[in-house]
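Source file: run.json; contents: JSON, C-alpha atoms.
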[["chain", "number", "residue", "atom", "x", "y", "z"],
["A", 1, "MET", "CA", -107.38, 209.61, -32.93],
["A", 2, "GLY", "CA", -106.87, 209.63, -29.19],
["A", 3, "ASP", "CA", -106.71, 212.38, -26.60],
["A", 4, "ARG", "CA", -102.93, 212.55, -26.86],
["A", 5, "VAL", "CA", -103.31, 214.01, -30.36],
["A", 6, "THR", "CA", -106.37, 216.22, -30.23],
["A", 7, "ASP", "CA", -107.02, 217.53, -26.74],
["A", 8, "ARG", "CA", -103.80, 219.05, -25.54],
["A", 9, "PRO", "CA", -100.73, 220.86, -26.87],
["A", 10, "LEU", "CA", -98.50, 218.43, -28.74],
["A", 11, "ARG", "CA", -94.79, 217.90, -28.92],
["A", 12, "ILE", "CA", -93.80, 217.93, -32.59],
["A", 13, "ALA", "CA", -90.42, 217.06, -34.12],
["A", 14, "ILE", "CA", -89.49, 218.01, -37.67],
["A", 15, "ILE", "CA", -86.66, 215.78, -38.85],
["A", 16, "GLY", "CA", -84.77, 217.57, -41.59],
["A", 17, "GLY", "CA", -84.16, 221.30, -41.46],
["A", 18, "GLY", "CA", -83.65, 222.16, -45.10],
["A", 19, "ALA", "CA", -85.91, 224.60, -46.89],
["A", 20, "MET", "CA", -89.10, 222.60, -46.42],
["A", 21, "GLY", "CA", -88.46, 221.46, -42.85],
["A", 22, "SER", "CA", -87.58, 225.00, -41.85],
["A", 23, "ILE", "CA", -90.74, 226.34, -43.48],
["A", 24, "TYR", "CA", -92.88, 223.73, -41.71],
["A", 25, "ALA", "CA", -91.24, 224.60, -38.39],
["A", 26, "SER", "CA", -91.82, 228.32, -38.92],
["A", 27, "LEU", "CA", -95.53, 227.74, -39.63],
["A", 28, "LEU", "CA", -96.22, 225.22, -36.86],
["A", 29, "SER", "CA", -94.36, 227.27, -34.24],
["A", 30, "ARG", "CA", -97.05, 229.94, -34.48],
["A", 31, "GLY", "CA", -99.50, 227.63, -32.70],
["A", 32, "ARG", "CA", -99.76, 226.28, -29.16],
["A", 33, "HIS", "CA", -97.59, 223.23, -29.74],
["A", 34, "GLU", "CA", -93.96, 222.65, -28.78],
["A", 35, "VAL", "CA", -92.04, 222.32, -32.03],
["A", 36, "TRP", "CA", -88.48, 221.05, -32.47],
["A", 37, "LEU", "CA", -86.40, 221.30, -35.64],
["A", 38, "VAL", "CA", -83.65, 218.68, -36.01],
["A", 39, "ASP", "CA", -80.90, 218.86, -38.61],
["A", 40, "ILE", "CA", -77.27, 217.80, -38.94],
["A", 41, "TRP", "CA", -76.14, 221.19, -40.36],
["A", 42, "ARG", "CA", -74.70, 222.73, -37.21],
["A", 43, "HIS", "CA", -74.14, 226.22, -38.66],
["A", 44, "HIS", "CA", -77.82, 226.40, -39.63],
["A", 45, "ILE", "CA", -78.99, 225.23, -36.21],
["A", 46, "ASP", "CA", -76.57, 227.47, -34.29],
["A", 47, "THR", "CA", -77.70, 230.48, -36.33],
["A", 48, "ILE", "CA", -81.36, 229.70, -35.61],
["A", 49, "LEU", "CA", -80.65, 229.38, -31.89],
["A", 50, "ARG", "CA", -78.71, 232.64, -31.86],
["A", 51, "ASN", "CA", -80.75, 234.84, -34.20],
["A", 52, "GLY", "CA", -83.95, 232.95, -34.95],
["A", 53, "LEU", "CA", -84.98, 231.56, -38.34],
["A", 54, "ARG", "CA", -85.39, 234.25, -41.00],
["A", 55, "VAL", "CA", -88.11, 233.42, -43.51],
["A", 56, "ASP", "CA", -88.47, 235.58, -46.63],
["A", 57, "GLY", "CA", -91.87, 235.17, -48.28],
["A", 58, "PRO", "CA", -94.35, 234.34, -49.43],
["A", 59, "GLY", "CA", -94.34, 237.50, -51.52],
["A", 60, "ASP", "CA", -92.81, 240.53, -49.83],
["A", 61, "LEU", "CA", -93.21, 239.17, -46.30],
["A", 62, "SER", "CA", -90.17, 238.65, -44.12],
["A", 63, "ARG", "CA", -90.14, 237.48, -40.54],
["A", 64, "VAL", "CA", -87.88, 236.01, -37.88],
["A", 65, "VAL", "CA", -89.18, 232.96, -36.00],
["A", 66, "ARG", "CA", -87.79, 231.70, -32.71],
["A", 67, "LEU", "CA", -87.50, 227.90, -32.66],
["A", 68, "ASN", "CA", -86.35, 224.98, -30.60],
["A", 69, "ALA", "CA", -83.58, 223.57, -32.76],
["A", 70, "THR", "CA", -80.87, 220.97, -32.31],
["A", 71, "VAL", "CA", -78.41, 218.72, -34.11],
["A", 72, "ARG", "CA", -78.94, 216.01, -31.47],
["A", 73, "VAL", "CA", -82.10, 213.92, -31.66],
["A", 74, "ALA", "CA", -81.57, 212.97, -28.03],
["A", 75, "ASP", "CA", -82.23, 216.59, -27.01],
["A", 76, "VAL", "CA", -85.83, 216.42, -28.19],
["A", 77, "GLY", "CA", -87.42, 213.79, -25.96],
["A", 78, "ALA", "CA", -90.58, 211.88, -26.78],
["A", 79, "VAL", "CA", -92.94, 213.53, -29.28],
["A", 80, "ASP", "CA", -96.51, 212.91, -30.35],
["A", 81, "LEU", "CA", -95.97, 213.80, -33.99],
["A", 82, "ALA", "CA", -92.87, 213.52, -36.16],
["A", 83, "ILE", "CA", -92.65, 215.05, -39.63],
["A", 84, "LEU", "CA", -89.96, 213.59, -41.87],
["A", 85, "SER", "CA", -88.78, 216.24, -44.33],
["A", 86, "VAL", "CA", -85.33, 215.00, -45.32],
["A", 87, "LYS", "CA", -84.30, 214.43, -48.91],
["A", 88, "ALA", "CA", -85.42, 211.04, -50.18],
["A", 89, "PHE", "CA", -81.88, 209.60, -50.25],
["A", 90, "ALA", "CA", -81.70, 210.22, -46.48],
["A", 91, "THR", "CA", -85.06, 208.61, -45.66],
["A", 92, "GLU", "CA", -83.63, 205.63, -43.76],
["A", 93, "ALA", "CA", -81.38, 207.83, -41.61],
["A", 94, "GLY", "CA", -84.21, 210.26, -40.99],
["A", 95, "ALA", "CA", -86.60, 207.44, -40.18],
["A", 96, "ALA", "CA", -84.15, 206.18, -37.56],
["A", 97, "SER", "CA", -84.36, 209.61, -35.90],
["A", 98, "VAL", "CA", -88.15, 209.44, -36.05],
["A", 99, "ALA", "CA", -88.03, 206.04, -34.36],
["A", 100, "GLU", "CA", -85.85, 207.48, -31.61],
["A", 101, "VAL", "CA", -88.20, 210.32, -30.67],
["A", 102, "LEU", "CA", -91.71, 209.12, -31.51],
["A", 103, "ALA", "CA", -93.82, 208.02, -28.56],
["A", 104, "GLU", "CA", -95.75, 204.76, -28.66],
["A", 105, "GLY", "CA", -98.93, 205.33, -30.66],
["A", 106, "GLY", "CA", -97.54, 208.52, -32.19],
["A", 107, "ILE", "CA", -97.96, 209.69, -35.75],
["A", 108, "ALA", "CA", -95.20, 209.94, -38.35],
["A", 109, "ILE", "CA", -95.75, 211.91, -41.57],
["A", 110, "SER", "CA", -93.54, 211.53, -44.62],
["A", 111, "MET", "CA", -93.60, 215.06, -46.06],
["A", 112, "GLN", "CA", -91.25, 214.36, -48.96],
["A", 113, "ASN", "CA", -90.99, 214.33, -52.73],
["A", 114, "GLY", "CA", -91.49, 211.18, -54.72],
["A", 115, "LEU", "CA", -92.66, 207.60, -54.43],
["A", 116, "GLY", "CA", -91.88, 205.03, -51.74],
["A", 117, "ASN", "CA", -90.73, 207.25, -48.87],
["A", 118, "ALA", "CA", -93.65, 206.51, -46.54],
["A", 119, "GLU", "CA", -93.23, 202.78, -47.06],
["A", 120, "ARG", "CA", -89.55, 203.06, -46.12],
["A", 121, "LEU", "CA", -90.48, 205.14, -43.07],
["A", 122, "ALA", "CA", -93.08, 202.58, -41.95],
["A", 123, "ALA", "CA", -90.51, 199.79, -42.21],
["A", 124, "VAL", "CA", -88.22, 201.57, -39.73],
["A", 125, "VAL", "CA", -90.97, 202.80, -37.37],
["A", 126, "PRO", "CA", -93.42, 199.89, -37.09],
["A", 127, "HIS", "CA", -95.04, 201.26, -33.92],
["A", 128, "ALA", "CA", -96.13, 204.48, -35.67],
["A", 129, "ARG", "CA", -99.26, 205.43, -37.51],
["A", 130, "VAL", "CA", -97.75, 206.58, -40.80],
["A", 131, "ALA", "CA", -99.28, 209.23, -43.06],
["A", 132, "ILE", "CA", -98.25, 210.57, -46.46],
["A", 133, "GLY", "CA", -98.10, 214.33, -46.83],
["A", 134, "VAL", "CA", -98.15, 215.77, -50.35],
["A", 135, "PRO", "CA", -96.31, 219.08, -49.96],
["A", 136, "GLY", "CA", -97.98, 222.31, -50.94],
["A", 137, "HIS", "CA", -95.05, 224.58, -50.13],
["A", 138, "GLY", "CA", -91.80, 225.33, -51.90],
["A", 139, "GLY", "CA", -88.70, 227.29, -51.07],
["A", 140, "ALA", "CA", -84.94, 227.37, -50.86],
["A", 141, "VAL", "CA", -82.20, 227.72, -48.28],
["A", 142, "LEU", "CA", -80.53, 231.11, -48.74],
["A", 143, "GLY", "CA", -77.94, 230.60, -46.04],
["A", 144, "PRO", "CA", -77.56, 229.41, -42.44],
["A", 145, "GLY", "CA", -80.72, 230.31, -40.53],
["A", 146, "HIS", "CA", -82.28, 231.88, -43.63],
["A", 147, "VAL", "CA", -84.86, 230.39, -46.04],
["A", 148, "ALA", "CA", -87.07, 231.67, -48.84],
["A", 149, "HIS", "CA", -90.75, 230.60, -48.78],
["A", 150, "ARG", "CA", -91.71, 230.88, -52.46],
["A", 151, "VAL", "CA", -94.69, 228.57, -52.94],
["A", 152, "ASP", "CA", -97.60, 228.64, -50.51],
["A", 153, "ALA", "CA", -100.42, 226.15, -51.16],
["A", 154, "VAL", "CA", -102.47, 223.57, -49.29],
["A", 155, "THR", "CA", -100.71, 220.40, -48.11],
["A", 156, "HIS", "CA", -102.67, 217.17, -48.62],
["A", 157, "LEU", "CA", -102.52, 214.25, -46.24],
["A", 158, "GLY", "CA", -103.77, 210.68, -45.94],
["A", 159, "TRP", "CA", -102.84, 207.48, -44.15],
["A", 160, "LEU", "CA", -100.38, 205.16, -45.84],
["A", 161, "ASN", "CA", -102.77, 202.23, -45.42],
["A", 162, "GLY", "CA", -105.73, 204.29, -46.61],
["A", 163, "ASP", "CA", -108.11, 203.64, -43.70],
["A", 164, "ARG", "CA", -109.51, 205.76, -40.81],
["A", 165, "PRO", "CA", -110.53, 208.77, -42.96],
["A", 166, "GLU", "CA", -112.10, 210.54, -39.97],
["A", 167, "GLU", "CA", -108.77, 210.40, -38.15],
["A", 168, "ALA", "CA", -106.99, 211.82, -41.20],
["A", 169, "ARG", "CA", -109.44, 214.72, -41.19],
["A", 170, "ALA", "CA", -108.80, 215.30, -37.49],
["A", 171, "LEU", "CA", -105.03, 215.33, -38.10],
["A", 172, "ALA", "CA", -105.47, 217.76, -41.00],
["A", 173, "ARG", "CA", -107.53, 220.08, -38.79],
["A", 174, "LEU", "CA", -104.86, 219.91, -36.11],
["A", 175, "LEU", "CA", -102.11, 220.89, -38.55],
["A", 176, "THR", "CA", -104.25, 223.64, -40.05],
["A", 177, "ASP", "CA", -105.08, 225.07, -36.63],
["A", 178, "ALA", "CA", -101.37, 224.95, -35.78],
["A", 179, "GLY", "CA", -100.46, 227.01, -38.85],
["A", 180, "LEU", "CA", -99.84, 224.50, -41.67],
["A", 181, "GLU", "CA", -102.94, 224.52, -43.89],
["A", 182, "THR", "CA", -103.73, 220.88, -44.62],
["A", 183, "SER", "CA", -106.54, 218.99, -46.31],
["A", 184, "ALA", "CA", -107.26, 215.31, -45.66],
["A", 185, "THR", "CA", -107.87, 212.93, -48.54],
["A", 186, "ASP", "CA", -109.16, 209.37, -48.76],
["A", 187, "ASP", "CA", -107.07, 208.85, -51.89],
["A", 188, "VAL", "CA", -103.60, 210.12, -51.12],
["A", 189, "GLN", "CA", -102.01, 207.93, -53.79],
["A", 190, "THR", "CA", -103.81, 209.89, -56.54],
["A", 191, "LEU", "CA", -102.49, 213.16, -55.12],
["A", 192, "LEU", "CA", -99.02, 211.69, -54.65],
["A", 193, "TRP", "CA", -98.86, 210.49, -58.26],
["A", 194, "SER", "CA", -100.23, 213.85, -59.42],
["A", 195, "HIS", "CA", -97.40, 215.57, -57.57],
["A", 196, "VAL", "CA", -94.91, 213.16, -59.15],
["A", 197, "ALA", "CA", -96.31, 213.96, -62.61],
["A", 198, "VAL", "CA", -95.79, 217.68, -62.01],
["A", 199, "VAL", "CA", -92.28, 217.24, -60.65],
["A", 200, "ALA", "CA", -91.13, 214.54, -63.11],
["A", 201, "GLY", "CA", -92.18, 216.81, -65.95],
["A", 202, "VAL", "CA", -89.99, 219.70, -64.88],
["A", 203, "ASN", "CA", -87.27, 219.05, -62.29],
["A", 204, "ALA", "CA", -84.82, 216.97, -64.29],
["A", 205, "ILE", "CA", -85.22, 219.07, -67.45],
["A", 206, "ALA", "CA", -84.75, 222.31, -65.54],
["A", 207, "ALA", "CA", -81.76, 220.86, -63.70],
["A", 208, "LEU", "CA", -80.08, 219.63, -66.88],
["A", 209, "CYS", "CA", -80.55, 223.03, -68.54],
["A", 210, "ARG", "CA", -80.02, 225.00, -65.30],
["A", 211, "ILE", "CA", -83.10, 227.13, -65.90],
["A", 212, "PRO", "CA", -86.13, 228.25, -63.86],
["A", 213, "ASN", "CA", -89.14, 225.92, -64.03],
["A", 214, "ILE", "CA", -91.16, 228.37, -66.09],
["A", 215, "GLU", "CA", -88.71, 228.06, -69.00],
["A", 216, "VAL", "CA", -89.56, 224.37, -69.33],
["A", 217, "ALA", "CA", -93.09, 225.46, -70.24],
["A", 218, "ARG", "CA", -91.92, 228.28, -72.52],
["A", 219, "VAL", "CA", -89.18, 226.73, -74.62],
["A", 220, "PRO", "CA", -90.82, 224.50, -77.28],
["A", 221, "GLU", "CA", -88.22, 221.72, -77.17],
["A", 222, "ALA", "CA", -88.22, 221.61, -73.37],
["A", 223, "ALA", "CA", -92.02, 221.70, -73.31],
["A", 224, "ARG", "CA", -92.17, 218.72, -75.69],
["A", 225, "LEU", "CA", -89.72, 216.74, -73.55],
["A", 226, "SER", "CA", -91.80, 217.59, -70.50],
["A", 227, "GLU", "CA", -94.99, 216.51, -72.29],
["A", 228, "LEU", "CA", -93.51, 213.10, -73.11],
["A", 229, "ALA", "CA", -92.30, 212.58, -69.54],
["A", 230, "ILE", "CA", -95.70, 213.51, -68.09],
["A", 231, "GLN", "CA", -97.53, 211.20, -70.50],
["A", 232, "GLU", "CA", -95.36, 208.31, -69.32],
["A", 233, "VAL", "CA", -96.18, 209.09, -65.68],
["A", 234, "VAL", "CA", -99.89, 209.09, -66.53],
["A", 235, "ALA", "CA", -99.57, 205.70, -68.24],
["A", 236, "VAL", "CA", -97.66, 204.13, -65.34],
["A", 237, "ALA", "CA", -100.04, 205.59, -62.77],
["A", 238, "ARG", "CA", -103.03, 204.21, -64.68],
["A", 239, "ALA", "CA", -101.40, 200.78, -64.86],
["A", 240, "SER", "CA", -100.83, 201.00, -61.10],
["A", 241, "GLY", "CA", -104.55, 201.56, -60.56],
["A", 242, "VAL", "CA", -104.24, 205.31, -60.05],
["A", 243, "ARG", "CA", -106.24, 207.63, -62.29],
["A", 244, "LEU", "CA", -104.94, 211.19, -62.14],
["A", 245, "PRO", "CA", -107.55, 213.91, -61.57],
["A", 246, "TRP", "CA", -107.05, 215.83, -64.83],
["A", 247, "THR", "CA", -108.51, 215.38, -68.30],
["A", 248, "ASP", "CA", -105.36, 217.03, -69.68],
["A", 249, "ALA", "CA", -102.40, 216.26, -67.42],
["A", 250, "VAL", "CA", -99.88, 218.13, -69.57],
["A", 251, "SER", "CA", -101.84, 221.39, -69.45],
["A", 252, "ALA", "CA", -102.40, 221.00, -65.71],
["A", 253, "CYS", "CA", -98.68, 220.52, -65.07],
["A", 254, "ARG", "CA", -97.72, 223.44, -67.30],
["A", 255, "ALA", "CA", -100.11, 225.66, -65.39],
["A", 256, "VAL", "CA", -98.13, 224.82, -62.26],
["A", 257, "TYR", "CA", -94.84, 225.71, -63.95],
["A", 258, "PHE", "CA", -96.19, 229.08, -65.07],
["A", 259, "GLY", "CA", -97.61, 229.59, -61.59],
["A", 260, "ASN", "CA", -94.14, 229.11, -60.08],
["A", 261, "GLY", "CA", -93.16, 232.55, -61.34],
["A", 262, "GLU", "CA", -90.19, 233.86, -63.25],
["A", 263, "HIS", "CA", -87.33, 232.86, -60.98],
["A", 264, "HIS", "CA", -88.34, 229.68, -59.14],
["A", 265, "LEU", "CA", -85.68, 226.97, -59.34],
["A", 266, "SER", "CA", -86.60, 223.36, -58.68],
["A", 267, "SER", "CA", -84.92, 221.67, -55.75],
["A", 268, "MET", "CA", -83.18, 219.39, -58.23],
["A", 269, "THR", "CA", -81.77, 222.37, -60.11],
["A", 270, "VAL", "CA", -80.38, 223.76, -56.86],
["A", 271, "ASP", "CA", -78.89, 220.37, -56.00],
["A", 272, "VAL", "CA", -77.19, 220.12, -59.39],
["A", 273, "LEU", "CA", -75.84, 223.67, -59.16],
["A", 274, "ARG", "CA", -74.43, 222.89, -55.71],
["A", 275, "GLU", "CA", -73.14, 219.47, -56.84],
["A", 276, "ARG", "CA", -75.23, 217.58, -54.30],
["A", 277, "PRO", "CA", -77.16, 214.30, -54.68],
["A", 278, "THR", "CA", -80.64, 214.70, -56.12],
["A", 279, "GLU", "CA", -83.97, 212.94, -55.58],
["A", 280, "ILE", "CA", -84.10, 211.54, -59.11],
["A", 281, "ASP", "CA", -84.46, 207.95, -57.86],
["A", 282, "VAL", "CA", -87.87, 208.58, -56.26],
["A", 283, "LEU", "CA", -89.13, 210.77, -59.12],
["A", 284, "ASN", "CA", -88.34, 209.91, -62.75],
["A", 285, "GLY", "CA", -86.35, 206.89, -61.61],
["A", 286, "ALA", "CA", -89.28, 205.54, -59.61],
["A", 287, "VAL", "CA", -91.59, 205.99, -62.61],
["A", 288, "VAL", "CA", -89.15, 203.92, -64.67],
["A", 289, "GLU", "CA", -89.02, 201.19, -62.01],
["A", 290, "HIS", "CA", -92.80, 201.02, -61.64],
["A", 291, "GLY", "CA", -93.11, 200.94, -65.43],
["A", 292, "ARG", "CA", -90.60, 198.10, -65.70],
["A", 293, "ARG", "CA", -92.57, 195.98, -63.24],
["A", 294, "LEU", "CA", -95.84, 196.72, -65.06],
["A", 295, "GLY", "CA", -94.55, 196.34, -68.61],
["A", 296, "ILE", "CA", -94.96, 200.05, -69.45],
["A", 297, "ALA", "CA", -92.21, 201.66, -71.54],
["A", 298, "THR", "CA", -90.78, 204.88, -70.08],
["A", 299, "PRO", "CA", -87.89, 205.87, -72.36],
["A", 300, "VAL", "CA", -88.04, 209.62, -71.68],
["A", 301, "ASN", "CA", -88.07, 209.27, -67.91],
["A", 302, "ALA", "CA", -85.29, 206.68, -68.20],
["A", 303, "ALA", "CA", -83.16, 209.07, -70.26],
["A", 304, "LEU", "CA", -83.77, 211.97, -67.86],
["A", 305, "SER", "CA", -82.92, 209.76, -64.89],
["A", 306, "LEU", "CA", -79.72, 208.50, -66.51],
["A", 307, "ALA", "CA", -78.66, 212.03, -67.44],
["A", 308, "ILE", "CA", -79.11, 213.30, -63.88],
["A", 309, "LYS", "CA", -77.32, 210.26, -62.45],
["A", 310, "THR", "CA", -74.44, 210.96, -64.82],
["A", 311, "ILE", "CA", -74.23, 214.55, -63.59],
["A", 312, "GLU", "CA", -74.19, 213.32, -59.98],
["A", 313, "ARG", "CA", -71.41, 210.82, -60.63],
["A", 314, "THR", "CA", -69.18, 213.15, -62.65],
["A", 315, "ALA", "CA", -69.37, 216.32, -60.56],
["A", 316, "GLN", "CA", -65.72, 216.10, -59.52],
["A", 317, "ARG", "CA", -64.49, 215.45, -63.06],
["A", 318, "ARG", "CA", -66.42, 218.20, -64.81],
["A", 319, "VAL", "CA", -64.60, 220.52, -67.20],
["A", 320, "ARG", "CA", -64.81, 224.09, -65.94],
["A", 321, "ALA", "CA", -65.04, 227.15, -68.13],
["A", 322, "CYS", "CA", -61.73, 228.95, -68.66]]

Whole structure, structure tokens version:
Amino acid sequence: MGDRVTDRPLRIAIIGGGAMGSIYASLLSRGRHEVWLVDIWRHHIDTILRNGLRVDGPGDLSRVVRLNATVRVADVGAVDLAILSVKAFATEAGAASVAEVLAEGGIAISMQNGLGNAERLAAVVPHARVAIGVPGHGGAVLGPGHVAHRVDAVTHLGWLNGDRPEEARALARLLTDAGLETSATDDVQTLLWSHVAVVAGVNAIAALCRIPNIEVARVPEAARLSELAIQEVVAVARASGVRLPWTDAVSACRAVYFGNGEHHLSSMTVDVLRERPTEIDVLNGAVVEHGRRLGIATPVNAALSLAIKTIERTAQRRVRAC
């Protein structure tokens, strides 16, 4: 990793200003670097510019953070580091914005849910060094210029191509020093698949039932459905050459759901409630696709994916309660 990354204040762009992008911006802006938040939601950006970004959490904390924010990528100028935090269905559009701002030799990090995002980013930004970030934070947008920071854990990071581990560690130290606690890994695919196992076992079920994540672990029928989905992810990961780090993946995932607390809604649940597209294609849907190519049956993940896709496609024709 060259001097441009380690020895001077950086220019950092966060492409995607939803809950996660806003949280990343609020954390990184506490350091010595120049941070820009880019999003197409003008009301959100205008509110941040006028009043600052209000962040509630973790816990009882609440703060207002002043940020550089814009709806125009052209306002940002060349940056050393770009973090892509858009929803997976917007990866190509977000990657085009990364390509517009990232300096030659810069670093692009896909900090997104699901499988395949970093590969799609690398295809659009061939001049970048591309890393995969496995998110450790969770939250929700409460309104324009206002987010809740509900989950606060370590973010894991590794290069897409898996080499240069010492440079990954240097990048993780840089992000940690800047305010986003990050740990480098030589095996980011294991952590990525682990994250997919956790999310595939809860998001779609919670979204279909419109319940907090913790209820998926509590309700016996939901817990059994979750167990079957997780077991399929483990089988597909193993067939892909990835061995997940748990002896009991189901128990490990359930511990995460209980750890989310009483009221935490998955991002997919929020998307369904607000009748927005979800990230099902890079979660349960991606597990199904990988399984198909490898000859591994994934009927539960296929059913969950089809059910969520049906909800997406019928939002405007739904029968409303009288």

Q. Which one is closest to Val250 (chain A): A:Ala197, A:Leu174, A:Gly291, A:Ala286? Count all atoms listed in the file.
A.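 Among A:Ala197, A:Leu174, A:Gly291, A:Ala286, it is A:Ala197 that comes nearest to Val250 (chain A).
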
Q. Closest to Leu61 (chain A) among A:Val234, A:Ala148, A:Ile308, A:Val86, using only C-alpha atoms?
A.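 Nearest to Leu61 (chain A): A:Ala148.
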
Q) Closest to Ala239 (chain A) among A:Pro135, A:Val300, A:Leu294, A:Val130, using all atoms listed in the file? A)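 Of A:Pro135, A:Val300, A:Leu294, A:Val130, the one nearest Ala239 (chain A), counting all atoms listed in the file, is A:Leu294.
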
Q: Please identify all polymer residues within 10 Å of Asn213 (chain A), counting all atoms listed in the file, omitting same-chain residues fewer than 6 positions from it, and present them as JSON, numbers by chain.
A: {"A": [199, 201, 202, 203, 204, 205, 206, 207, 254, 256, 257, 258, 259, 260, 261, 262, 263, 264, 265, 266, 269]}

**Q.** Counting all atoms listed in the file, the option among A:Ala82, A:Ala96, A:Leu49, A:Val188 closest to Arg243 (chain A)
**A.** A:Val188

Q | A:Arg120, A:Arg164, A:Arg32, A:Arg63 ranked by distance to Gly145 (chain A), top pick (using all atoms listed in the file) | A |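 Between A:Arg120, A:Arg164, A:Arg32, A:Arg63, the residue approaching Gly145 (chain A) most closely is A:Arg63.
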
**Q.** Distance of CA of Pro126 (chain A) from CA of Glu104 (chain A), expressed in Å to one decimal place
**A.** 10.0 Å

Q | Separation of CA of Val141 (chain A) from CA of Gly18 (chain A) in Å | A | 6.6 Å

(Q) Calculated over only C-alpha atoms, which of the candidates A:Glu92, A:Glu221, A:Asp152, A:Glu312 has the smallest distance to Val124 (chain A)? (A) A:Glu92

Q) Near Ser26 (chain A), counting only C-alpha atoms, which residues have an atom at most 12 Å away, once you skip same-chain residues fewer than 4 positions from it, shown as number ranges by chain? A) A: 14, 17-22, 30-31, 33-37, 48, 52-57, 62-69, 145-149, 178-180

Q: Rounded to one decimal place, report the CA of Thr314 (chain A)-CA of Thr278 (chain A) distance in Å.
A: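 Computing it gives 13.3 Å between the two atoms.
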
(Q) Given the point (-73.9, 224.4, -59.4) in the file's coordinates, find the residues that have an atom at most 12 Å from it, counting only C-alpha atoms, and give them as number ranges by chain. (A) A: 207-211, 267-277, 311-312, 315-316, 318, 320

Surrounding residues of Ala249 (chain A) excluding itself and chain neighbours under 3 positions, 12 Å, only C-alpha atoms, as a PDB file with C-alpha atoms, in the coordinates of the input:
ATOM      1  CA  TRP A 193     -98.860 210.490 -58.260  1.00  0.00           C
ATOM      2  CA  SER A 194    -100.230 213.850 -59.420  1.00  0.00           C
ATOM      3  CA  HIS A 195     -97.400 215.570 -57.570  1.00  0.00           C
ATOM      4  CA  VAL A 196     -94.910 213.160 -59.150  1.00  0.00           C
ATOM      5  CA  ALA A 197     -96.310 213.960 -62.610  1.00  0.00           C
ATOM      6  CA  VAL A 198     -95.790 217.680 -62.010  1.00  0.00           C
ATOM      7  CA  GLY A 201     -92.180 216.810 -65.950  1.00  0.00           C
ATOM      8  CA  SER A 226     -91.800 217.590 -70.500  1.00  0.00           C
ATOM      9  CA  GLU A 227     -94.990 216.510 -72.290  1.00  0.00           C
ATOM     10  CA  LEU A 228     -93.510 213.100 -73.110  1.00  0.00           C
ATOM     11  CA  ALA A 229     -92.300 212.580 -69.540  1.00  0.00           C
ATOM     12  CA  ILE A 230     -95.700 213.510 -68.090  1.00  0.00           C
ATOM     13  CA  GLN A 231     -97.530 211.200 -70.500  1.00  0.00           C
ATOM     14  CA  GLU A 232     -95.360 208.310 -69.320  1.00  0.00           C
ATOM     15  CA  VAL A 233     -96.180 209.090 -65.680  1.00  0.00           C
ATOM     16  CA  VAL A 234     -99.890 209.090 -66.530  1.00  0.00           C
ATOM     17  CA  ALA A 235     -99.570 205.700 -68.240  1.00  0.00           C
ATOM     18  CA  ALA A 237    -100.040 205.590 -62.770  1.00  0.00           C
ATOM     19  CA  ARG A 243    -106.240 207.630 -62.290  1.00  0.00           C
ATOM     20  CA  LEU A 244    -104.940 211.190 -62.140  1.00  0.00           C
ATOM     21  CA  PRO A 245    -107.550 213.910 -61.570  1.00  0.00           C
ATOM     22  CA  TRP A 246    -107.050 215.830 -64.830  1.00  0.00           C
ATOM     23  CA  ALA A 252    -102.400 221.000 -65.710  1.00  0.00           C
ATOM     24  CA  CYS A 253     -98.680 220.520 -65.070  1.00  0.00           C
ATOM     25  CA  ARG A 254     -97.720 223.440 -67.300  1.00  0.00           C
ATOM     26  CA  ALA A 255    -100.110 225.660 -65.390  1.00  0.00           C
ATOM     27  CA  VAL A 256     -98.130 224.820 -62.260  1.00  0.00           C
TER      28      VAL A 256
END

Q: Please identify all polymer residues within 12 Å of Ile15 (chain A), counting all atoms listed in the file, omitting same-chain residues fewer than 6 positions from it, and present them as a ChimeraX atom specification.
A: /A:21-22,24-25,35-41,69-73,76,79,81-87,90-102,108-112

**Q.** Test item: residues at most 8 Å from Gly105 (chain A), all atoms listed in the file, excluding those fewer than 3 positions along its chain, as a list of chain:residue names
**A.**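 Close residues of Gly105 (chain A): A:Asp80, A:His127, A:Ala128, A:Arg129.
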
Written record: region 302-308 of chain A, N, CA and C atoms, as a PDB file, in the first residue's frame:
ATOM      1  N   ALA A 302     -34.969 -21.594  -2.197  1.00  0.00           N
ATOM      2  CA  ALA A 302     -35.708 -21.300  -3.428  1.00  0.00           C
ATOM      3  C   ALA A 302     -37.117 -20.819  -3.112  1.00  0.00           C
ATOM      4  N   ALA A 303     -37.787 -21.488  -2.170  1.00  0.00           N
ATOM      5  CA  ALA A 303     -39.146 -21.084  -1.810  1.00  0.00           C
ATOM      6  C   ALA A 303     -39.162 -19.700  -1.170  1.00  0.00           C
ATOM      7  N   LEU A 304     -38.209 -19.427  -0.281  1.00  0.00           N
ATOM      8  CA  LEU A 304     -38.147 -18.104   0.344  1.00  0.00           C
ATOM      9  C   LEU A 304     -37.893 -17.026  -0.700  1.00  0.00           C
ATOM     10  N   SER A 305     -36.994 -17.315  -1.635  1.00  0.00           N
ATOM     11  CA  SER A 305     -36.687 -16.344  -2.685  1.00  0.00           C
ATOM     12  C   SER A 305     -37.911 -16.075  -3.551  1.00  0.00           C
ATOM     13  N   LEU A 306     -38.598 -17.139  -3.953  1.00  0.00           N
ATOM     14  CA  LEU A 306     -39.787 -16.968  -4.787  1.00  0.00           C
ATOM     15  C   LEU A 306     -40.881 -16.198  -4.046  1.00  0.00           C
ATOM     16  N   ALA A 307     -41.033 -16.460  -2.759  1.00  0.00           N
ATOM     17  CA  ALA A 307     -42.065 -15.754  -1.990  1.00  0.00           C
ATOM     18  C   ALA A 307     -41.770 -14.262  -1.907  1.00  0.00           C
ATOM     19  N   ILE A 308     -40.511 -13.904  -1.655  1.00  0.00           N
ATOM     20  CA  ILE A 308     -40.155 -12.485  -1.601  1.00  0.00           C
ATOM     21  C   ILE A 308     -40.294 -11.838  -2.975  1.00  0.00           C
TER      22      ILE A 308
END
